[in-house]
Each structure stands twice: as structure tokens, then as C-alpha cells.
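Printed here is final_11.txt (compact mmCIF, C-alpha atoms):
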```
# COMPACT_ATOMS: atom_id res chain seq x y z
CA MET A 1 -13.47 -2.23 -28.37
CA GLN A 2 -12.01 -1.63 -24.92
CA LYS A 3 -9.00 -3.67 -23.84
CA LYS A 4 -9.10 -5.25 -20.38
CA ILE A 5 -6.23 -4.42 -18.05
CA LEU A 6 -5.49 -5.56 -14.50
CA LEU A 7 -4.38 -2.64 -12.37
CA HIS A 8 -2.65 -3.43 -9.10
CA CYS A 9 -3.81 -0.66 -6.74
CA CYS A 10 -1.88 0.31 -3.64
CA CYS A 11 -4.52 2.73 -2.29
CA GLY A 12 -7.52 4.83 -3.28
CA PRO A 13 -5.81 8.22 -3.78
CA CYS A 14 -3.03 6.79 -5.96
CA SER A 15 -5.58 4.96 -8.12
CA ILE A 16 -7.60 7.97 -9.22
CA MET A 17 -5.49 9.32 -12.06
CA ALA A 18 -4.42 5.87 -13.24
CA LEU A 19 -8.09 4.89 -13.61
CA GLU A 20 -8.93 8.15 -15.37
CA TYR A 21 -5.98 7.76 -17.74
CA LEU A 22 -6.79 4.16 -18.61
CA LYS A 23 -10.48 4.85 -19.18
CA LYS A 24 -9.64 7.79 -21.45
CA ASN A 25 -7.27 5.55 -23.43
CA ASN A 26 -9.81 2.86 -24.25
CA PHE A 27 -9.00 0.45 -21.44
CA GLU A 28 -11.38 -1.45 -19.18
CA PRO A 29 -9.51 -1.50 -15.85
CA HIS A 30 -10.02 -4.14 -13.17
CA ILE A 31 -8.57 -3.43 -9.72
CA PHE A 32 -6.47 -5.98 -7.86
CA TYR A 33 -5.90 -4.66 -4.36
CA TYR A 34 -3.04 -6.60 -2.80
CA ASN A 35 -1.23 -4.80 0.02
CA PRO A 36 -0.46 -7.06 2.99
CA ASN A 37 2.18 -4.56 4.14
CA ILE A 38 -0.42 -2.26 5.72
CA LEU A 39 -0.54 -2.12 9.52
CA PRO A 40 -2.22 -1.53 11.97
CA GLN A 41 -5.67 -3.03 11.47
CA LYS A 42 -7.59 0.26 11.51
CA GLU A 43 -5.24 1.67 8.88
CA TYR A 44 -5.84 -1.33 6.63
CA PHE A 45 -9.59 -0.86 6.71
CA LEU A 46 -9.38 2.92 6.27
CA ARG A 47 -7.40 2.35 3.07
CA LEU A 48 -9.64 -0.45 1.89
CA SER A 49 -12.67 1.77 2.45
CA ALA A 50 -11.05 4.57 0.41
CA MET A 51 -10.22 2.06 -2.33
CA GLN A 52 -13.83 0.88 -2.45
CA GLN A 53 -15.07 4.46 -2.69
CA VAL A 54 -12.81 5.08 -5.69
CA ALA A 55 -13.79 1.77 -7.34
CA ASN A 56 -17.48 2.62 -6.91
CA TYR A 57 -16.98 6.16 -8.22
CA TYR A 58 -15.30 4.92 -11.41
CA GLN A 59 -17.51 1.81 -11.62
CA VAL A 60 -14.54 -0.55 -11.72
CA PRO A 61 -14.50 -4.16 -10.43
CA LEU A 62 -12.46 -4.64 -7.23
CA VAL A 63 -10.77 -7.85 -6.07
CA ILE A 64 -8.72 -8.10 -2.88
CA GLY A 65 -5.66 -10.34 -3.10
CA ASN A 66 -4.45 -12.83 -0.53
CA ASN A 67 -1.46 -15.16 -0.85
CA LYS A 68 -2.12 -18.21 1.29
CA GLU A 69 1.10 -20.04 0.35
CA PHE A 70 3.37 -17.08 1.09
CA PHE A 71 1.82 -16.33 4.46
CA GLU A 72 1.77 -19.93 5.61
CA ARG A 73 5.46 -20.16 4.80
CA GLU A 74 6.28 -16.91 6.61
CA LYS A 75 4.23 -17.82 9.66
CA ALA A 76 6.07 -21.14 9.82
CA GLN A 77 9.37 -19.24 9.79
CA ARG A 78 8.16 -17.22 12.81
CA HIS A 79 9.85 -14.01 11.78
CA MET A 80 9.84 -11.49 14.62
CA LEU A 81 10.29 -7.74 14.62
CA LYS A 82 13.28 -7.51 16.92
CA LYS A 83 13.10 -4.67 19.45
CA THR A 84 16.87 -4.28 19.33
CA TRP A 85 16.71 -3.66 15.57
CA LEU A 86 13.87 -1.19 16.00
CA LYS A 87 15.70 0.68 18.78
CA GLU A 88 18.85 0.95 16.69
CA ASN A 89 16.87 2.64 13.90
CA PHE A 90 14.32 4.57 15.96
CA SER A 91 16.08 5.07 19.31
CA HIS A 92 14.74 8.56 20.02
CA LEU A 93 11.17 7.33 19.40
CA PHE A 94 11.54 4.50 21.90
CA GLU A 95 13.47 6.46 24.52
CA PRO A 96 12.49 10.09 23.84
CA SER A 97 13.50 13.16 25.79
CA PRO A 98 10.63 15.09 27.42
CA LEU A 99 10.57 17.59 24.57
CA MET A 100 10.63 14.82 21.96
CA GLN A 101 7.80 13.08 23.84
CA GLU A 102 5.75 16.23 23.40
CA ALA A 103 6.61 16.38 19.70
CA ILE A 104 5.70 12.72 19.14
CA GLN A 105 2.41 13.12 20.99
CA LYS A 106 1.48 16.09 18.80
CA ILE A 107 2.07 14.07 15.63
CA LEU A 108 0.18 11.01 16.89
CA THR A 109 -2.75 13.19 17.92
CA LYS A 110 -2.83 14.79 14.46
CA TRP A 111 -2.86 11.34 12.83
CA LYS A 112 -5.62 10.12 15.14
CA ASN A 113 -7.77 13.20 14.60
CA TYR A 114 -7.30 13.04 10.84
CA ALA A 115 -8.17 9.33 10.62
CA SER A 116 -11.30 9.86 12.75
CA LEU A 117 -12.69 12.12 10.00
CA PHE A 118 -12.97 9.10 7.69
CA PRO A 119 -15.06 6.34 9.28
CA CYS A 120 -14.94 3.04 7.39
CA HIS A 121 -17.98 2.33 5.27
CA GLU A 122 -19.69 -1.02 5.10
CA PHE A 123 -17.83 -3.25 2.67
CA GLU A 124 -20.17 -4.36 -0.11
CA ASN A 125 -19.71 -6.08 -3.45
CA LEU A 126 -16.19 -7.17 -2.57
CA SER A 127 -14.43 -10.24 -3.89
CA ILE A 128 -11.37 -11.71 -2.19
CA TYR A 129 -9.03 -14.05 -4.07
CA TRP A 130 -7.89 -16.70 -1.62
CA ASP A 131 -6.60 -20.23 -2.19
CA ASN A 132 -7.13 -19.87 -5.97
CA GLN A 133 -10.81 -19.02 -5.68
CA HIS A 134 -12.97 -15.92 -5.39
CA LEU A 135 -14.95 -15.46 -2.19
CA LEU A 136 -17.79 -13.03 -2.82
CA ASN A 137 -18.96 -10.51 -0.22
CA PRO A 138 -16.75 -11.70 2.67
CA ASP A 139 -17.88 -10.55 6.09
CA LEU A 140 -15.67 -8.48 8.39
CA GLU A 141 -14.56 -11.54 10.37
CA THR A 142 -13.37 -13.26 7.19
CA LEU A 143 -11.51 -10.14 6.07
CA ASN A 144 -9.84 -9.98 9.47
CA SER A 145 -8.73 -13.59 9.46
CA LEU A 146 -7.46 -13.62 5.86
CA LEU A 147 -5.82 -10.22 5.68
CA ILE A 148 -4.95 -8.58 8.96
CA ILE A 149 -3.23 -11.52 10.62
CA ASP A 150 -1.29 -12.06 7.41
CA SER A 151 -0.09 -8.47 7.49
CA TYR A 152 1.95 -9.09 10.62
CA ALA A 153 3.64 -12.10 9.01
CA PHE A 154 4.54 -10.03 5.96
CA VAL A 155 5.80 -7.00 7.89
CA SER A 156 7.81 -9.26 10.20
CA TYR A 157 9.38 -10.77 7.10
CA LEU A 158 10.21 -7.29 5.76
CA GLY A 159 11.84 -6.48 9.11
CA ASN A 160 14.76 -8.67 8.05
CA TYR A 161 15.82 -5.98 5.57
CA GLN A 162 17.07 -2.41 5.80
CA GLU A 163 14.90 0.30 4.25
CA LYS A 164 15.88 0.24 0.56
CA GLU A 165 16.10 -3.56 0.35
CA ARG A 166 12.90 -3.90 2.38
CA CYS A 167 10.98 -1.84 -0.18
CA LYS A 168 12.36 -3.94 -3.03
CA GLU A 169 11.12 -7.11 -1.31
CA CYS A 170 7.75 -5.50 -0.76
CA TYR A 171 7.44 -4.55 -4.43
CA LYS A 172 8.62 -8.01 -5.49
CA GLU A 173 6.07 -9.97 -3.46
CA ARG A 174 3.13 -7.74 -4.36
CA MET A 175 3.96 -7.66 -8.07
CA ILE A 176 4.50 -11.42 -8.36
CA LYS A 177 1.13 -12.15 -6.78
CA SER A 178 -0.64 -9.47 -8.84
CA VAL A 179 0.96 -10.43 -12.16
CA PHE A 180 0.27 -14.14 -11.71
CA TYR A 181 -3.34 -13.33 -10.85
CA ALA A 182 -3.57 -11.32 -14.09
CA LYS A 183 -2.16 -14.27 -15.99
CA GLU A 184 -4.51 -16.78 -14.34
CA GLN A 185 -7.53 -14.63 -15.12
CA GLY A 186 -6.66 -14.18 -18.80
CA PHE A 187 -5.60 -10.53 -18.82
CA THR A 188 -3.14 -9.46 -21.49
CA GLU A 189 -2.26 -6.06 -19.98
CA PHE A 190 -0.99 -5.17 -16.49
CA SER A 191 0.04 -2.03 -14.63
CA SER A 192 0.27 -0.66 -11.09
CA THR A 193 -0.67 2.55 -9.30
CA LEU A 194 2.68 2.37 -7.51
CA LEU A 195 3.90 4.17 -10.64
CA TYR A 196 1.95 7.25 -9.51
CA SER A 197 3.82 7.92 -6.28
CA LYS A 198 6.65 10.45 -6.10
CA TYR A 199 7.75 8.87 -2.84
CA GLN A 200 8.34 5.34 -4.17
CA ASN A 201 11.38 4.15 -6.08
CA HIS A 202 10.06 4.22 -9.65
CA GLU A 203 12.92 2.21 -11.16
CA ASP A 204 12.67 -0.55 -8.54
CA ILE A 205 8.92 -0.82 -9.11
CA CYS A 206 9.41 -1.18 -12.89
CA PHE A 207 12.11 -3.79 -12.27
CA ALA A 208 9.79 -5.78 -9.99
CA ILE A 209 6.96 -5.68 -12.53
CA GLU A 210 9.17 -6.62 -15.47
CA ASN A 211 10.66 -9.57 -13.58
CA ALA A 212 7.24 -10.78 -12.47
CA VAL A 213 5.87 -10.52 -16.02
CA GLN A 214 8.88 -12.41 -17.36
CA LEU A 215 8.26 -15.21 -14.86
CA ALA A 216 4.55 -15.37 -15.67
CA ASN A 217 5.19 -15.47 -19.41
CA GLN A 218 7.44 -18.54 -19.32
CA ASN A 219 6.13 -21.37 -21.49
CA THR A 220 3.04 -19.49 -22.63
CA ALA A 221 1.62 -18.62 -26.01
CA ASN A 222 -0.41 -15.66 -24.71
CA PRO A 223 2.04 -13.28 -23.06
CA LEU A 224 1.08 -10.68 -20.50
CA HIS A 225 2.23 -7.15 -21.33
CA PHE A 226 3.44 -4.54 -18.86
CA TYR A 227 1.59 -1.38 -19.85
CA TYR A 228 3.93 1.34 -18.59
CA VAL A 229 2.74 4.87 -17.84
CA ASP A 230 4.58 7.38 -15.68
CA PHE A 231 1.53 8.41 -13.68
CA ARG A 232 3.65 10.82 -11.60
CA GLU A 233 2.94 13.60 -14.10
CA PHE A 234 -0.65 13.58 -12.82
CA TRP A 235 0.45 13.93 -9.18
CA GLN A 236 -1.32 17.18 -8.28
CA GLN A 237 -4.48 16.33 -10.21
CA GLY A 238 -4.74 13.12 -8.19
CA ILE A 239 -4.38 15.01 -4.91
CA ASP A 240 -7.01 17.56 -5.95
CA LYS A 241 -9.46 14.84 -7.03
CA SER A 242 -8.97 12.81 -3.84
CA LYS A 243 -9.84 15.91 -1.81
CA GLU A 244 -12.87 16.53 -4.00
CA LEU A 245 -14.05 12.96 -3.36
CA ASN A 246 -13.30 13.38 0.37
CA ILE A 247 -11.49 10.06 0.68
CA TYR A 248 -8.89 9.08 3.25
CA ARG A 249 -5.34 10.04 2.25
CA GLN A 250 -2.75 8.11 4.25
CA LYS A 251 0.29 9.71 5.90
CA TRP A 252 2.83 6.93 5.33
CA CYS A 253 3.59 4.17 2.82
CA GLY A 254 2.04 1.20 4.57
CA CYS A 255 4.11 -1.01 6.84
CA ILE A 256 4.71 -0.26 10.50
CA LEU A 257 8.36 0.40 9.72
CA SER A 258 7.50 3.12 7.22
CA ARG A 259 5.10 4.51 9.81
CA LEU A 260 7.96 4.77 12.29
CA GLU A 261 10.12 6.44 9.64
CA SER A 262 7.37 8.94 8.89
CA LEU A 263 6.83 9.56 12.59
CA ARG A 264 10.54 10.07 13.10
CA GLN A 265 10.76 12.66 10.30
CA MET A 266 7.64 14.54 11.40
CA ALA A 267 8.60 14.40 15.08
CA ASP A 268 12.08 15.73 14.28
CA ARG A 269 10.53 18.72 12.53
CA GLU A 270 8.10 19.30 15.40
CA HIS A 271 10.95 18.91 17.88
CA GLU A 272 12.91 21.64 16.07
CA LYS A 273 9.91 23.96 16.31
CA LEU A 274 9.57 23.31 20.05
CA LEU A 275 13.30 23.93 20.56
CA ARG A 276 13.11 27.25 18.71
CA LYS A 277 10.07 28.24 20.73
CA GLN A 278 11.84 27.28 23.95
CA ASN A 279 14.92 29.31 23.00
CA ILE A 280 12.81 32.36 22.18
CA HIS A 281 11.30 32.31 25.66
```

Could you render the structure as C-alpha cells?
Amino acid sequence: MQKKILLHCCCGPCSIMALEYLKKNNFEPHIFYYNPNILPQKEYFLRLSAMQQVANYYQVPLVIGNNKEFFEREKAQRHMLKKTWLKENFSHLFEPSPLMQEAIQKILTKWKNYASLFPCHEFENLSIYWDNQHLLNPDLETLNSLLIIDSYAFVSYLGNYQEKERCKECYKERMIKSVFYAKEQGFTEFSSTLLYSKYQNHEDICFAIENAVQLANQNTANPLHFYYVDFREFWQQGIDKSKELNIYRQKWCGCILSRLESLRQMADREHEKLLRKQNIH
């Protein structure tokens, strides 16, 4: 008999090998897609579309998470992404030299052209968990109001932290919501596709899951178990399969701050190329 497991999924590509592994090991995975860190709006729906394609391919139920209490609290706090903070960390992106402007434009054009290859599909057979109830087949307007607006509140909240601490807070919030959903729905096993990424802090993710599970298991006779697998060993297989399925593969972690960090790194490399080319001539 297959054992049910709730799998928090961060994106379609990272979910592939986790789903394959779990299915091969006699599990019945259910996807909980809770990622309010993703901005901008088009990026959110590109990733959600990829996630739905993967869920359909593996015939796995998909629920989208939403945390009404958290977002209402954060909106009330009116966190703002301070331009001074952004400029301190990304000064040459905000005030670039002419050559850096050219480098940045090249990267942004590449991103835009890549994303345009993956139009969002119609969202069907979706369930969103909001205010402790499941809303079946939400329309696009409902998805916008419940998820996209909330993303800004979450990312603004994360803007209070420097990079390493910011990621810890992001893991913490997503794992608490996901683990408590697993507990509420009667699952006994839980895991996350965050454990697949070579670019995430594996130890911090495990710590966030373990703490969330410990909180959820207080005063309960039916404990939830963290099913740990180091999915990173399947890294290349996941990349190959995502290309085979022709699904959107994102270029940065999720939040607008990680997008700026990715842009900064890629633009620096492009800038170096342009400098070398300029020196040659």
C-alpha cells in the first residue's frame, strides 16, 4: 500500500526528480505549492504553469498555498523596499556606466526572449488553500488577488534582512505554512523539493523543516515525519528531464532581490566580456 506524503514544491523543474523518487519508493505524493516570494507577476504565472505541467505529467494532485493571516499582518506593518538599501547593494545596477548599461540590457533581453518561449497555459483543475478552505478552479482574477498582491508584502518583509538571513526567513515561513497544512490534512510524511537545489542552503532548509515539524507535532498523538532525501544527487537528471518536457526553467531563485543578485552577477560577467572586447579593438 502506498504511503501518502505532502511535498512542498518550489517550482516545476525542481519537482521532477523528487516526484520520480517518491513514486518509485512506494509513496503517493501530493503537491503543496506555496511560494509567495516570486515576483514579478509574469514570473509567478510562468512558474505556476510549469508546476501544473509537471503535476499533470506525473498525475499528482496540486494545491496552491496562501497564508491569509501572515499577509494581513505584513500588509498592516507596511514594510517597504527602501531604495537606499537597494542602491547600497546594487549601486551599479541603479546607476550604471554606459558599458554596464549595455551589459544589463543584454541580460534583460535574454531573460525576456527566453520567457516568451513559454506562454502560460490555462490553469485547470487547481485548488487554492485560503482561509482554511479549498477553493476549486479559481479564475485568474482570484489567483491575482490572493497570490500576486501578497507576494509584494512578503518580499517587502524579506527586504528587512540581508541575503543569508533573508533566505532563512523565506524558508521558515514557507515550511511552517506547508508543514501545518500537512498536519491539518492528515499527512504523516512531509518533504520539500528545496532539497533538490544545489544553489540553496541545504542545512538551513533542513533546519527550517525540522523546526516546523517540531512545532506542528506539539500535543499530538499522530506525529508528522520529515522524510529526508538529498535530491541533489539527481541534479543533472532533473535538468535533462525538464528539457525533455519543455517546461520553463527559471533563471533566479524567486524574490525580486534574488533577481537583482542574479542580474548583478550575470551583468558583471557580460561587462567583463565587453571590456575585453573594447580593449582588443

For segment 92-164 of chain A against segment 71-81 of chain A, with a cut-off of 9 Å and counting all atoms listed in the file, what is the closest atom pair and its distance in Å to one decimal for every residue that makes the cut, ordered by chain and number, as a Markdown table?
```
| residue | atom | partner | partner_atom | distance |
| --- | --- | --- | --- | --- |
| A:Asp150 | CA | A:Phe71 | CA | 6.1 |
| A:Ser151 | CA | A:Phe71 | CA | 8.6 |
| A:Ala153 | CA | A:Lys75 | CA | 5.8 |
| A:Phe154 | CA | A:Phe71 | CA | 7.0 |
| A:Val155 | CA | A:Leu81 | CA | 8.1 |
| A:Ser156 | CA | A:Leu81 | CA | 5.3 |
| A:Tyr157 | CA | A:His79 | CA | 5.7 |
| A:Leu158 | CA | A:Leu81 | CA | 8.9 |
| A:Gly159 | CA | A:Leu81 | CA | 5.9 |
| A:Asn160 | CA | A:Leu81 | CA | 8.0 |
```

Closest of A:Asn219, A:Met17, A:Lys87, A:Leu39 to Glu233 of chain A, counting all atoms listed in the file, is A:Met17

When you look at Thr193 of chain A with a cut-off of 12 Å (counting only C-alpha atoms), what residues show up, excluding the ones that are within fewer than 2 positions of it in the same chain? I need them as JSON, numbers by chain.
{"A": [6, 7, 8, 9, 10, 11, 12, 13, 14, 15, 16, 17, 18, 19, 20, 21, 22, 29, 31, 32, 33, 34, 35, 51, 171, 175, 190, 191, 195, 196, 197, 198, 200, 202, 205, 206, 209, 227, 228, 229, 230, 231, 232, 234, 235, 238]}

Interatomic distance, atom CA of Val54 of chain A to atom CA of Trp252 of chain A (Å, one decimal):
19.2 Å

Record the distance separating atom CA of Thr188 of chain A and atom CA of Gln2 of chain A, expressed in Å with one decimal.
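Rounded to one decimal, the two atoms are 12.3 Å apart.
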
Selection: 10 Å around Tyr44 of chain A, only C-alpha atoms, excl. self and same-chain fewer than 4 positions, as an mmCIF file with C-alpha atoms, in the frame of the given file:
```cif
data_model
loop_
_atom_site.group_PDB
_atom_site.id
_atom_site.type_symbol
_atom_site.label_atom_id
_atom_site.label_comp_id
_atom_site.auth_asym_id
_atom_site.auth_seq_id
_atom_site.Cartn_x
_atom_site.Cartn_y
_atom_site.Cartn_z
ATOM 1 C CA CYS A 11 -4.520 2.730 -2.290
ATOM 2 C CA ASN A 35 -1.230 -4.800 0.020
ATOM 3 C CA PRO A 36 -0.460 -7.060 2.990
ATOM 4 C CA ASN A 37 2.180 -4.560 4.140
ATOM 5 C CA ILE A 38 -0.420 -2.260 5.720
ATOM 6 C CA LEU A 39 -0.540 -2.120 9.520
ATOM 7 C CA PRO A 40 -2.220 -1.530 11.970
ATOM 8 C CA LEU A 48 -9.640 -0.450 1.890
ATOM 9 C CA SER A 49 -12.670 1.770 2.450
ATOM 10 C CA ASN A 144 -9.840 -9.980 9.470
ATOM 11 C CA LEU A 147 -5.820 -10.220 5.680
ATOM 12 C CA ILE A 148 -4.950 -8.580 8.960
ATOM 13 C CA SER A 151 -0.090 -8.470 7.490
ATOM 14 C CA GLY A 254 2.040 1.200 4.570
ATOM 15 C CA CYS A 255 4.110 -1.010 6.840
#
```

Within 10 Å of Val179 of chain A, counting all atoms listed in the file, which residues show up once you throw out same-chain ones fewer than 3 positions away? Write them as a VMD selection string, please.
chain A and resid 6 to 8 32 174 to 176 182 to 185 187 189 to 192 209 to 217 224 to 226

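Counting from atom CA of Met100 of chain A, the distance to atom CA of Leu86 of chain A is 17.4 Å.
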
From the list A:Leu108, A:Leu257, A:Leu275, A:Ile64, which residue is nearest Leu146 of chain A when using all atoms listed in the file?
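For Leu146 of chain A, the nearest of the given residues is A:Ile64.
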
Which of these, A:Asn25, A:Gln53, A:Asn222, A:Gln162, has the shortest distance to Asn125 of chain A once you count all atoms listed in the file?
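For Asn125 of chain A, the nearest of the given residues is A:Gln53.
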
Considering all atoms listed in the file, state which residue in the set A:Phe70, A:Trp85, A:Phe207, A:Phe27 is at the smallest distance from Tyr161 of chain A.
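Nearest candidate to Tyr161 of chain A out of A:Phe70, A:Trp85, A:Phe207, A:Phe27: A:Trp85.
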
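The smallest atom-to-atom distance between Asn56 of chain A and any of A:Thr142, A:Arg249, A:Arg269, A:Leu126, using all atoms listed in the file, is found for A:Leu126.
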